[in-house]
$ cat my_file32.txt   # compact mmCIF, C-alpha atoms
# COMPACT_ATOMS: atom_id res chain seq x y z
CA MET A 25 11.62 -4.04 1.26
CA TYR A 26 9.97 -7.13 -0.26
CA ARG A 27 10.56 -5.94 -3.81
CA ALA A 28 14.16 -5.07 -2.95
CA PHE A 29 14.74 -8.43 -1.24
CA PHE A 30 13.81 -10.36 -4.35
CA SER A 31 15.50 -8.04 -6.84
CA ILE A 32 18.93 -7.82 -5.16
CA PRO A 33 21.07 -11.00 -4.87
CA ALA A 34 21.21 -12.62 -1.44
CA SER A 35 25.01 -12.53 -1.76
CA VAL A 36 24.86 -8.83 -0.81
CA ALA A 37 25.64 -9.14 2.88
CA ASP A 38 27.00 -7.29 5.90
CA VAL A 39 30.44 -7.76 7.47
CA GLU A 40 29.24 -10.88 9.31
CA GLY A 41 27.73 -12.45 6.23
CA ARG A 42 24.10 -11.70 7.09
CA PRO A 43 21.81 -10.68 4.20
CA ALA A 44 21.68 -6.94 3.54
CA ASN A 45 20.19 -7.07 0.05
CA ALA A 46 16.77 -5.62 0.99
CA LEU A 47 18.48 -2.75 2.81
CA HIS A 48 20.63 -1.96 -0.21
CA GLY A 49 17.68 -2.03 -2.58
CA TYR A 50 15.30 -0.09 -0.36
CA LEU A 51 17.72 2.73 0.39
CA ASP A 52 18.64 3.05 -3.28
CA MET A 53 14.97 3.08 -4.33
CA THR A 54 14.31 5.79 -1.75
CA ALA A 55 17.23 7.83 -3.09
CA ARG A 56 15.90 7.57 -6.65
CA LEU A 57 12.40 8.61 -5.57
CA VAL A 58 13.69 11.57 -3.58
CA SER A 59 15.86 12.72 -6.49
CA ALA A 60 13.00 12.39 -8.98
CA HIS A 61 10.19 13.93 -6.93
CA ARG A 62 11.92 16.24 -4.43
CA PRO A 63 9.39 15.79 -1.58
CA ASP A 64 9.48 17.97 1.52
CA ASP A 65 9.49 14.79 3.60
CA VAL A 66 9.53 11.01 3.21
CA VAL A 67 7.58 8.93 5.74
CA HIS A 68 8.47 5.23 5.94
CA VAL A 69 5.49 3.13 7.03
CA TYR A 70 5.48 -0.42 8.40
CA ASP A 71 3.05 -3.23 9.12
CA ASP A 72 2.55 -3.59 12.85
CA ASP A 73 0.38 -6.66 12.18
CA TRP A 74 0.23 -7.88 8.57
CA LYS A 75 -2.86 -9.96 9.41
CA PRO A 76 -4.98 -7.82 11.77
CA ALA A 77 -7.30 -9.72 14.11
CA PRO A 78 -10.43 -7.70 13.19
CA ARG A 79 -10.03 -8.64 9.52
CA VAL A 80 -9.44 -12.31 10.35
CA ARG A 81 -12.48 -12.35 12.65
CA ALA A 82 -14.59 -10.96 9.82
CA TYR A 83 -13.21 -13.41 7.25
CA ALA A 84 -11.11 -16.39 8.34
CA GLY A 85 -9.62 -16.80 4.87
CA TYR A 86 -7.91 -13.42 4.97
CA LYS A 87 -4.26 -14.06 4.06
CA ALA A 88 -4.74 -17.63 5.31
CA HIS A 89 -2.40 -19.06 2.68
CA ARG A 90 0.15 -16.25 2.71
CA LEU A 91 3.62 -17.65 3.35
CA PRO A 92 5.75 -16.20 6.15
CA ASP A 93 8.54 -13.79 5.30
CA PRO A 94 11.49 -15.49 3.62
CA GLU A 95 14.51 -16.27 5.73
CA GLY A 96 16.90 -13.33 5.87
CA LEU A 97 14.28 -10.59 5.45
CA PRO A 98 12.69 -9.95 8.89
CA GLU A 99 15.92 -8.97 10.62
CA GLN A 100 16.64 -6.41 7.89
CA PHE A 101 13.55 -4.45 8.93
CA GLY A 102 15.10 -3.88 12.35
CA VAL A 103 18.29 -2.58 10.79
CA LEU A 104 16.29 -0.36 8.44
CA ARG A 105 14.58 1.34 11.37
CA ARG A 106 17.96 2.09 12.93
CA VAL A 107 19.37 3.46 9.67
CA LEU A 108 16.32 5.69 9.11
CA ASP A 109 16.55 6.87 12.73
CA ALA A 110 20.15 7.84 12.14
CA PHE A 111 19.06 9.72 8.99
CA GLY A 112 16.47 11.56 11.06
CA LEU A 113 13.67 10.43 8.73
CA PRO A 114 10.06 10.04 9.90
CA GLN A 115 8.60 6.56 10.37
CA ALA A 116 5.13 5.35 11.28
CA GLU A 117 2.95 2.34 12.04
CA ALA A 118 -0.57 1.69 13.33
CA PRO A 119 -0.63 -0.62 16.39
CA GLY A 120 -2.47 -3.81 15.50
CA TRP A 121 -2.90 -2.87 11.86
CA GLU A 122 -1.23 -3.02 8.46
CA ALA A 123 0.93 -0.39 6.83
CA GLU A 124 -1.93 0.49 4.48
CA ASP A 125 -4.06 1.45 7.50
CA ALA A 126 -1.31 3.63 8.91
CA ILE A 127 -1.03 5.31 5.50
CA GLY A 128 -4.80 5.72 5.52
CA GLY A 129 -4.68 7.35 8.92
CA LEU A 130 -1.91 9.73 7.86
CA SER A 131 -3.76 10.60 4.66
CA ALA A 132 -6.99 11.31 6.52
CA ARG A 133 -5.15 13.74 8.80
CA ALA A 134 -3.64 15.70 5.91
CA GLY A 135 -4.24 19.42 6.12
CA ARG A 136 -5.75 21.50 3.35
CA GLY A 137 -2.35 22.52 2.00
CA ASP A 138 -0.77 19.08 2.25
CA HIS A 139 -0.07 16.94 -0.80
CA ILE A 140 0.70 13.25 -0.25
CA ASP A 141 2.13 10.82 -2.79
CA VAL A 142 1.82 7.18 -1.74
CA VAL A 143 4.48 5.06 -3.42
CA THR A 144 3.33 1.47 -3.67
CA GLY A 145 2.88 -1.59 -5.84
CA ASP A 146 -0.22 -2.59 -3.85
CA ARG A 147 -3.48 -1.76 -5.62
CA ASP A 148 -5.36 -1.71 -2.30
CA LEU A 149 -4.04 1.78 -1.63
CA ILE A 150 -5.75 3.19 -4.72
CA GLU A 151 -8.90 3.71 -2.67
CA LEU A 152 -7.09 6.49 -0.76
CA VAL A 153 -6.73 8.70 -3.84
CA ARG A 154 -8.42 12.03 -3.22
CA ASP A 155 -7.86 15.16 -5.28
CA PRO A 156 -5.97 17.33 -4.74
CA GLN A 157 -4.38 15.95 -1.59
CA VAL A 158 -3.61 12.26 -2.13
CA ARG A 159 -2.18 10.53 -5.19
CA VAL A 160 -0.75 7.06 -5.65
CA LEU A 161 2.56 6.62 -7.46
CA PHE A 162 2.10 3.03 -8.57
CA THR A 163 5.37 1.26 -9.24
CA VAL A 164 5.58 -0.20 -12.74
CA ARG A 165 9.29 -0.95 -13.16
CA GLY A 166 10.94 -0.65 -9.78
CA VAL A 167 10.66 3.02 -8.88
CA THR A 168 12.22 4.26 -12.11
CA GLU A 169 8.80 4.10 -13.76
CA VAL A 170 5.67 4.95 -11.79
CA ARG A 171 2.09 5.48 -12.89
CA VAL A 172 0.64 8.63 -11.34
CA LEU A 173 -2.88 7.92 -10.16
CA ASP A 174 -4.99 10.91 -9.23
CA GLU A 175 -8.79 10.66 -9.48
CA ALA A 176 -8.70 11.04 -13.27
CA GLY A 177 -5.91 8.48 -13.54
CA VAL A 178 -7.82 5.90 -11.50
CA LEU A 179 -10.93 6.40 -13.62
CA GLU A 180 -8.93 6.09 -16.83
CA LYS A 181 -7.05 2.97 -15.73
CA TYR A 182 -9.79 1.04 -13.92
CA GLY A 183 -13.02 2.60 -15.14
CA VAL A 184 -14.28 3.31 -11.61
CA PRO A 185 -13.88 6.34 -9.35
CA ALA A 186 -11.29 6.05 -6.61
CA SER A 187 -14.06 6.39 -4.02
CA ARG A 188 -15.55 3.11 -5.31
CA TYR A 189 -12.30 1.23 -5.82
CA ALA A 190 -12.82 -0.85 -2.65
CA ASP A 191 -16.18 -2.09 -4.01
CA PHE A 192 -14.53 -2.89 -7.35
CA ALA A 193 -11.76 -4.84 -5.60
CA THR A 194 -14.27 -6.69 -3.41
CA LEU A 195 -16.22 -7.93 -6.42
CA ARG A 196 -13.12 -8.85 -8.43
CA GLY A 197 -11.35 -10.51 -5.51
CA ASP A 198 -7.67 -10.68 -4.62
CA PRO A 199 -6.13 -14.18 -4.48
CA SER A 200 -2.95 -12.84 -2.85
CA ASP A 201 -5.04 -11.84 0.19
CA GLY A 202 -7.25 -14.94 0.07
CA LEU A 203 -10.28 -12.95 -1.14
CA ARG A 204 -12.21 -15.03 -3.65
CA GLY A 205 -14.44 -12.31 -5.09
CA VAL A 206 -17.85 -13.07 -6.59
CA ARG A 207 -18.06 -16.18 -8.76
CA GLY A 208 -17.70 -15.33 -12.44
CA VAL A 209 -16.94 -11.66 -11.82
CA GLY A 210 -13.74 -10.28 -13.30
CA GLU A 211 -12.64 -6.69 -13.78
CA LYS A 212 -15.04 -6.02 -16.67
CA THR A 213 -18.15 -7.23 -14.83
CA ALA A 214 -17.05 -5.63 -11.57
CA ARG A 215 -16.76 -2.31 -13.41
CA VAL A 216 -20.28 -2.70 -14.85
CA LEU A 217 -21.72 -3.48 -11.40
CA VAL A 218 -19.99 -0.53 -9.74
CA GLU A 219 -21.31 1.77 -12.45
CA ALA A 220 -24.84 0.41 -12.10
CA TYR A 221 -25.26 0.41 -8.31
CA PRO A 222 -24.48 3.12 -5.75
CA SER A 223 -23.27 0.55 -3.21
CA LEU A 224 -22.73 -3.16 -2.67
CA GLU A 225 -25.77 -3.17 -0.41
CA ALA A 226 -27.95 -1.86 -3.23
CA MET A 227 -26.54 -4.50 -5.57
CA VAL A 228 -27.26 -7.35 -3.12
CA GLU A 229 -30.78 -6.02 -2.62
CA ASP A 230 -31.41 -6.01 -6.37
CA ALA A 231 -30.11 -9.58 -6.62
CA LYS A 232 -32.95 -10.75 -4.37
CA TRP A 233 -35.52 -10.04 -7.08
CA SER A 234 -36.13 -12.55 -9.86
CA LYS A 235 -38.20 -10.28 -12.06
CA GLU A 236 -36.40 -9.32 -15.26
CA GLY A 237 -35.47 -5.70 -15.88
CA MET A 238 -32.81 -3.41 -17.31
CA SER A 239 -30.25 -3.53 -14.48
CA PRO A 240 -27.23 -5.84 -14.95
CA LEU A 241 -28.50 -8.34 -12.39
CA ARG A 242 -32.04 -8.39 -13.74
CA ARG A 243 -30.64 -9.18 -17.21
CA SER A 244 -28.53 -12.16 -16.05
CA ALA A 245 -29.95 -14.95 -13.92
CA SER A 246 -26.50 -16.51 -13.41
CA LEU A 247 -24.93 -13.25 -12.27
CA ARG A 248 -27.91 -12.59 -10.01
CA ALA A 249 -27.48 -16.03 -8.43
CA ALA A 250 -23.73 -15.48 -7.99
CA VAL A 251 -24.32 -12.21 -6.12
CA ARG A 252 -27.01 -13.80 -3.94
CA ASP A 253 -24.65 -16.68 -3.09
CA ALA A 254 -21.91 -14.20 -2.23
CA ALA A 255 -24.05 -12.05 0.07
CA GLY A 256 -22.30 -13.28 3.21
CA TYR A 257 -18.88 -12.78 1.66
CA LEU A 258 -19.79 -9.27 0.54
CA GLU A 259 -21.02 -8.39 4.02
CA ALA A 260 -17.76 -9.63 5.56
CA MET A 261 -15.70 -7.65 3.06
CA ARG A 262 -17.08 -4.41 4.49
CA LEU A 263 -14.76 -5.08 7.46
CA VAL A 264 -11.86 -6.45 5.42
CA VAL A 265 -11.25 -4.54 2.19
CA PRO A 266 -11.64 -0.86 3.11
CA ILE A 267 -8.48 0.74 4.48
CA ARG A 268 -8.97 1.98 8.02
CA THR A 269 -8.42 5.71 8.23
CA ASP A 270 -9.53 6.05 11.86
CA VAL A 271 -6.75 4.03 13.47
CA GLU A 272 -4.18 5.32 15.93
CA VAL A 273 -0.94 6.06 14.10
CA ARG A 274 2.33 5.97 16.00
CA ALA A 275 4.85 8.23 14.29
CA TRP A 276 8.38 9.04 15.34
CA ARG A 277 11.42 10.89 14.14
CA ALA A 278 14.84 10.68 15.76
CA GLU A 279 17.51 13.34 15.66
CA ARG A 280 19.88 12.91 12.76
CA ASP A 281 23.12 11.28 13.90
CA GLU A 282 25.80 11.32 11.23
CA ALA A 283 28.32 9.48 13.38
CA HIS A 284 25.94 6.60 14.08
CA LEU A 285 24.85 6.58 10.44
CA GLY A 286 28.46 6.11 9.40
CA GLU A 287 28.87 3.25 11.89
CA LEU A 288 25.77 1.50 10.57
CA ALA A 289 26.88 2.00 6.98
CA GLU A 290 30.21 0.33 7.73
CA ARG A 291 28.76 -2.51 9.82
CA TYR A 292 26.10 -3.44 7.26
CA ARG A 293 28.13 -2.53 4.16
CA LEU A 294 25.70 0.20 3.19
CA THR A 295 28.21 2.94 2.41
CA GLY A 296 27.07 3.29 -1.22
CA PRO A 297 23.30 3.36 -0.55
CA VAL A 298 23.74 5.66 2.45
CA ARG A 299 25.89 8.06 0.42
CA ARG A 300 23.36 8.13 -2.43
CA LEU A 301 20.42 8.76 -0.10
CA ARG A 302 22.36 11.44 1.77
CA GLU A 303 23.07 13.19 -1.55
CA ALA A 304 19.42 12.93 -2.63
CA LEU A 305 18.18 14.37 0.66
CA SER A 306 20.60 17.28 0.39
CA GLN A 307 19.05 18.48 -2.88
CA GLU A 308 16.98 21.64 -2.75
CA ARG A 309 13.23 21.02 -2.45
CA PRO A 310 10.58 23.07 -4.24
CA SER A 311 9.28 24.49 -0.95
CA GLU A 312 12.76 25.84 -0.17
CA ARG A 313 12.75 27.95 -3.35
CA ARG A 314 9.60 29.86 -2.37
$ encode --input "my_file32.txt" --output "structure tokens"
Amino acid sequence: MYRAFFSIPASVADVEGRPANALHGYLDMTARLVSAHRPDDVVHVYDDDWKPAPRVRAYAGYKAHRLPDPEGLPEQFGVLRRVLDAFGLPQAEAPGWEAEDAIGGLSARAGRGDHIDVVTGDRDLIELVRDPQVRVLFTVRGVTEVRVLDEAGVLEKYGVPASRYADFATLRGDPSDGLRGVRGVGEKTARVLVEAYPSLEAMVEDAKWSKEGMSPLRRSASLRAAVRDAAGYLEAMRLVVPIRTDVEVRAWRAERDEAHLGELAERYRLTGPVRRLREALSQERPSERR
């Protein structure tokens, strides 16, 4: 919705002149994804709390400088839920947590025969990649170009295994979330540290020693000092960066209601996007050909 809001002109509005640009863009992106990938189902996942209290308690700077949603966007989420209900499409959220945590919970519950593609432009979700069940389709140019990230793809792109991506992200930092990272550590150094140590705890322990050696921290006094200085930050990040996969996930799916869908399409001037998504959803799926 955020990407759609900023890519579609605000002049795209409903019959009462209220913004409907994010709705237009999101429904069209969903239609393109469904047509391209033919999934058996499409689950739409929301933030219940974009700034969860447990993460803020662990680190007060978490998203501290993130601006509120732009005017005209929040109300479109409510309409989106109603449109997806009318489509009969599944939706989900994790009470008190972010969308990424709800996705984590759904991914953790996947059965042996399930295959989940997470469509996102948020690198945080890369840590969920797990062959053969969970891939990330990382948006490069809208949804018309996505980078498929399985375990091999993550290793090729970032130089670390998906199972260690959270450690890599912790060291590198993420200014958009208010996470400063370790002083002087960029992607290259973060990759070296992840390769050299089995965990952040082992890395912090090695930083306590001043004796020179062959490990990355023993070879660099400045890097060793930076890790020692960041020990408190690194401890806090254990409760901030990893996606929660153990959270309660509230999922729902309404009965499809074509009449109500038509009413919503007219009221919010969504006839084109609704028609395109309806056509995409009507296409035969691979599982239906078995």
$ atom_distance --input "my_file32.txt" --atom1 "atom CA of Pro185 of chain A" --atom2 "atom CA of Asp148 of chain A"
13.7 Å
$ residues_near_point --input "my_file32.txt" --point "(17.4, 12.8, -2.3)" --cutoff "10 Å" --atoms "all atoms listed in the file" --output "ChimeraX atom specification"
/A:52,54-63,66,300-309
$ atom_distance --input "my_file32.txt" --atom1 "atom CA of Thr213 of chain A" --atom2 "atom CA of Pro266 of chain A"
20.1 Å
$ closest_residue --input "my_file32.txt" --among "A:Gly137, A:Gly256, A:Pro222, A:Gly85" --to "Leu203 of chain A" --atoms "all atoms listed in the file"
A:Gly85
$ residues_around --input "my_file32.txt" --residues "segment 267-275 of chain A" --least-positions-apart "4" --cutoff "7 Å" --atoms "only C-alpha atoms" --output "list in words"
Gln115, Ala116, Glu117, Ala118, Pro119, Glu124, Asp125, Ala126, Gly128, Gly129 and Ala132 of chain A
$ atom_distance --input "my_file32.txt" --atom1 "atom CA of Val172 of chain A" --atom2 "atom CA of Val143 of chain A"
9.5 Å
$ closest_residue --input "my_file32.txt" --among "A:Leu258, A:Val160, A:Ala46, A:Val103" --to "Gly205 of chain A" --atoms "only C-alpha atoms"
A:Leu258
$ closest_residue --input "my_file32.txt" --among "A:Leu47, A:Leu195, A:Ala231, A:Ala82" --to "Gly210 of chain A" --atoms "all atoms listed in the file"
A:Leu195
$ residues_around --input "my_file32.txt" --residues "Glu229 of chain A" --least-positions-apart "2" --cutoff "12 Å" --atoms "all atoms listed in the file" --output "PyMOL selection string"
chain A and resi 221-227+231-234+241-242+248+251-252+255+258
$ residues_around --input "my_file32.txt" --residues "Ala250 of chain A" --least-positions-apart "5" --cutoff "9 Å" --atoms "all atoms listed in the file" --output "PDB file with C-alpha atoms, keeping the file's coordinate frame"
ATOM      1  CA  VAL A 206     -17.850 -13.070  -6.590  1.00  0.00           C
ATOM      2  CA  ARG A 207     -18.060 -16.180  -8.760  1.00  0.00           C
ATOM      3  CA  GLY A 208     -17.700 -15.330 -12.440  1.00  0.00           C
ATOM      4  CA  VAL A 209     -16.940 -11.660 -11.820  1.00  0.00           C
ATOM      5  CA  ALA A 231     -30.110  -9.580  -6.620  1.00  0.00           C
ATOM      6  CA  ALA A 245     -29.950 -14.950 -13.920  1.00  0.00           C
ATOM      7  CA  ALA A 255     -24.050 -12.050   0.070  1.00  0.00           C
TER       8      ALA A 255
END
$ closest_residue --input "my_file32.txt" --among "A:Leu130, A:Ala260, A:Val67, A:Leu217" --to "Pro240 of chain A" --atoms "only C-alpha atoms"
A:Leu217
$ closest_residue --input "my_file32.txt" --among "A:His284, A:Lys212, A:Arg27, A:Arg196" --to "Asp109 of chain A" --atoms "all atoms listed in the file"
A:His284
$ residues_around --input "my_file32.txt" --residues "segment 96-100 of chain A" --least-positions-apart "4" --cutoff "12 Å" --atoms "all atoms listed in the file" --output "NGL selection string"
:A and (25-30 or 32-38 or 41-51 or 70-71 or 92 or 104-107 or 292)
$ residues_around --input "my_file32.txt" --residues "Arg204 of chain A" --least-positions-apart "4" --cutoff "10 Å" --atoms "only C-alpha atoms" --output "count of residues only"
11
$ build_atoms --input "my_file32.txt" --residues "segment 198-226 of chain A" --atoms "N, CA and C atoms" --output "short mmCIF file (atom, residue, chain, number, x, y, z; two decimals), in the frame of the given file"
data_model
loop_
_atom_site.label_atom_id
_atom_site.label_comp_id
_atom_site.auth_asym_id
_atom_site.auth_seq_id
_atom_site.Cartn_x
_atom_site.Cartn_y
_atom_site.Cartn_z
N ASP A 198 -9.12 -10.83 -4.66
CA ASP A 198 -7.67 -10.68 -4.62
C ASP A 198 -7.07 -11.96 -4.07
N PRO A 199 -6.67 -12.89 -4.94
CA PRO A 199 -6.13 -14.18 -4.48
C PRO A 199 -4.95 -14.04 -3.53
N SER A 200 -4.13 -13.00 -3.71
CA SER A 200 -2.95 -12.84 -2.85
C SER A 200 -3.35 -12.60 -1.39
N ASP A 201 -4.55 -12.06 -1.17
CA ASP A 201 -5.04 -11.84 0.19
C ASP A 201 -6.07 -12.90 0.61
N GLY A 202 -6.28 -13.90 -0.24
CA GLY A 202 -7.25 -14.94 0.07
C GLY A 202 -8.69 -14.50 -0.12
N LEU A 203 -8.92 -13.47 -0.92
CA LEU A 203 -10.28 -12.95 -1.14
C LEU A 203 -10.78 -13.47 -2.49
N ARG A 204 -11.80 -14.29 -2.45
CA ARG A 204 -12.21 -15.03 -3.65
C ARG A 204 -12.99 -14.19 -4.64
N GLY A 205 -13.59 -13.09 -4.20
CA GLY A 205 -14.44 -12.31 -5.09
C GLY A 205 -15.78 -13.00 -5.31
N VAL A 206 -16.56 -12.48 -6.24
CA VAL A 206 -17.85 -13.07 -6.59
C VAL A 206 -17.66 -13.99 -7.78
N ARG A 207 -18.23 -15.18 -7.71
CA ARG A 207 -18.06 -16.18 -8.76
C ARG A 207 -18.41 -15.61 -10.14
N GLY A 208 -17.47 -15.76 -11.07
CA GLY A 208 -17.70 -15.33 -12.44
C GLY A 208 -17.51 -13.85 -12.69
N VAL A 209 -17.10 -13.11 -11.68
CA VAL A 209 -16.94 -11.66 -11.82
C VAL A 209 -15.46 -11.31 -11.94
N GLY A 210 -15.08 -10.80 -13.10
CA GLY A 210 -13.74 -10.28 -13.30
C GLY A 210 -13.78 -8.76 -13.31
N GLU A 211 -12.71 -8.16 -13.80
CA GLU A 211 -12.64 -6.69 -13.78
C GLU A 211 -13.74 -6.05 -14.61
N LYS A 212 -14.04 -6.62 -15.78
CA LYS A 212 -15.04 -6.02 -16.67
C LYS A 212 -16.42 -6.01 -16.01
N THR A 213 -16.83 -7.16 -15.47
CA THR A 213 -18.15 -7.23 -14.83
C THR A 213 -18.18 -6.42 -13.55
N ALA A 214 -17.10 -6.43 -12.80
CA ALA A 214 -17.05 -5.63 -11.57
C ALA A 214 -17.23 -4.15 -11.90
N ARG A 215 -16.63 -3.70 -12.99
CA ARG A 215 -16.76 -2.31 -13.41
C ARG A 215 -18.22 -1.99 -13.76
N VAL A 216 -18.88 -2.90 -14.47
CA VAL A 216 -20.28 -2.70 -14.85
C VAL A 216 -21.15 -2.61 -13.61
N LEU A 217 -20.91 -3.46 -12.62
CA LEU A 217 -21.72 -3.48 -11.40
C LEU A 217 -21.50 -2.21 -10.58
N VAL A 218 -20.27 -1.76 -10.49
CA VAL A 218 -19.99 -0.53 -9.74
C VAL A 218 -20.66 0.66 -10.41
N GLU A 219 -20.66 0.68 -11.73
CA GLU A 219 -21.31 1.77 -12.45
C GLU A 219 -22.83 1.75 -12.26
N ALA A 220 -23.39 0.54 -12.12
CA ALA A 220 -24.84 0.41 -12.10
C ALA A 220 -25.46 0.61 -10.72
N TYR A 221 -24.70 0.36 -9.66
CA TYR A 221 -25.26 0.41 -8.31
C TYR A 221 -24.47 1.38 -7.44
N PRO A 222 -25.17 2.13 -6.59
CA PRO A 222 -24.48 3.12 -5.75
C PRO A 222 -23.69 2.50 -4.61
N SER A 223 -23.97 1.23 -4.31
CA SER A 223 -23.27 0.55 -3.21
C SER A 223 -23.42 -0.95 -3.37
N LEU A 224 -22.60 -1.71 -2.65
CA LEU A 224 -22.73 -3.16 -2.67
C LEU A 224 -24.05 -3.59 -2.05
N GLU A 225 -24.50 -2.85 -1.06
CA GLU A 225 -25.77 -3.17 -0.41
C GLU A 225 -26.92 -3.08 -1.40
N ALA A 226 -26.91 -2.03 -2.22
CA ALA A 226 -27.95 -1.86 -3.23
C ALA A 226 -27.89 -2.98 -4.27
#
